[in-house]
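Contents: one structure, followed by commentary.
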Amino acid sequence: MTARKTAYKALLRVEKDNAYSNIVLDGILSESELSRRDKAFASMIFYGVMEKKLLLDYGLSRLSDRPVNKLSEELLVILRMGLYQMFFMDSVPRSAAVNESVKLCKANKLYGDSAFVNAVLRSAAKLEALQLPDKRKGKNKYLSIKYSCPESLIRLWRGAYGDELTQDILECLEGQPPVSARVNTLKTDRDSLISKLEAEGVDAKPMIFSDDCIVLKNAGSVTELEAFKEGLFHVQDAASQICCRALGAKPGETVIDACSAPGGKSFTIAEMMENRGCIISCDLYENRLRLVESGAQRLGIDIIRTQAGSSSEMQELPVADRILCDVPCSGLGIIRRKPELRYKEDTGADTLPQIQYEILNNCSKFLKSGGTLVYSTCTLNPKENGEVVRRFLAEHSDFSPVKINDLQSVERKNIEPENELTLFPQREGCDGFFISKLCKK
């Protein structure tokens, strides 16, 4: 199977099954016999089409005499792929984008549509760029098409964060996100790990957010690296690492990680605790907790104990010095990693805040007096972030806000209470994230 056929197969599966993009592509690539170069080419087309779907469809609507919503899923995927290669992949000649798209039609028995695909893409080849809506007639629609984000998201972010920050968010949604990792300080140090990774052909550099945070480029399949197999690091976004720093766990303490799978936060906390003390890593599903257990074993961590169940209902937990509630959320801060999230009709913004509050409310019962509680999400939505925390504080007089003041390398970009910190996506930095720190009186 060629790289284009592989990308087509993955895109069609996401379109038909509404599946997670990374899981679909990883599965199809692992079964393929493509070279590393062809896998990279297929991935580029796949994520590019996912990322720019609204823009591609809008451009297609200006080129086709058939309504876009009347096209079959198979035909639509082929046309999107052709347009993406034509306008966003300099390495692909426009003639090749046309010809290969026609071949894809025939390979998938869309014989009657091949002439239509040929005509549409040949018309597109005459353009310098895909057409955008008139900005003067509506800024929300213009931004929505240009950055392939639904207008509902544009309105949410402009209302919550203003035009300048919204523009920054949208621009950072484009392109390949950074791969961040946390140095396993139980086994090595940052400089030694960087040297070892460079010897394996990986471009590894330190990040400003933490002495133990690095960014990886040209890493290929991370799990195949010897440094990974030896447990010298685990993959974790910088924002999640900053969240663990805010929790501030110390050696010998008892910590509850309420929604822990696949385990990155528990691992970082254990390393900060020098593998001394106890961490109870909770998750709703036992099969996800097995990821935590296997990851801890690879890293040489033995203070993590897993516990299955709903963190909004659990009653058999020890009294803890610190609790981290990194709750399920709409994921609007990690859209660049999971581009399909932006197209979901129901992000859960109406129902998630109650679930998040119930997790926070239940877990707070197990915090000792004077203990620290951190609430966090990987979303950019005030209803799931500050509003949940403020509701909790209003209804729990035994808790008080704690100023987040030990993260000097992190720049505040949003006006918010001192116990809250919203991290916005950065091209070479972290994902979108929210952190709030509380103390039990």
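Residues are referred to by chain and number: the chain letter is A, B, ... according to the order shown in the structure tokens, the number counts from 1 in that chain, and ligands are numbered separately from 1 in the order shown.
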Using only C-alpha atoms, which residues of segment 117-219 of chain A come within 10 Å of segment 39-50 of chain A, and what is the closest atom pair for each, with the distance in Å to one decimal? Give it as CSV, sorted by chain and residue number.
residue,atom,partner,partner_atom,distance
A:Ser148,CA,A:Met50,CA,9.2
A:Glu174,CA,A:Gly48,CA,8.7
A:Gly175,CA,A:Gly48,CA,7.9
A:Gln176,CA,A:Tyr47,CA,8.6
Between A:Ser21, A:Asn118, A:Ser35, A:Gln241, which residue has the minimum interatomic distance to Lys265 of chain A, considering only C-alpha atoms?
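Answer, going by the shortest atom-to-atom distance: A:Gln241.
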Considering only C-alpha atoms, return as number ranges by chain whatever protein or nucleic-acid residues lie within 7 Å of Lys437 of chain A, sequence-local ones (same chain, fewer than 4 positions apart) excluded.
A: 373-375, 401-402, 404, 419-420
Considering only C-alpha atoms, state which residue in the set A:Glu128, A:Ser72, A:Lys53, A:Thr223 is at the smallest distance from Phe87 of chain A.
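Going through A:Glu128, A:Ser72, A:Lys53, A:Thr223 one by one, the smallest distance to Phe87 of chain A is for A:Glu128.
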Using only C-alpha atoms, can you tell me which of A:Val215, A:Ala3, A:Leu153, A:Leu121 comes closest to Lys344 of chain A?
A:Leu153
For atom CA of Asn184 of chain A and atom CA of Thr268 of chain A, the interatomic separation in Å (one decimal)
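Those two atoms sit 7.9 Å apart.
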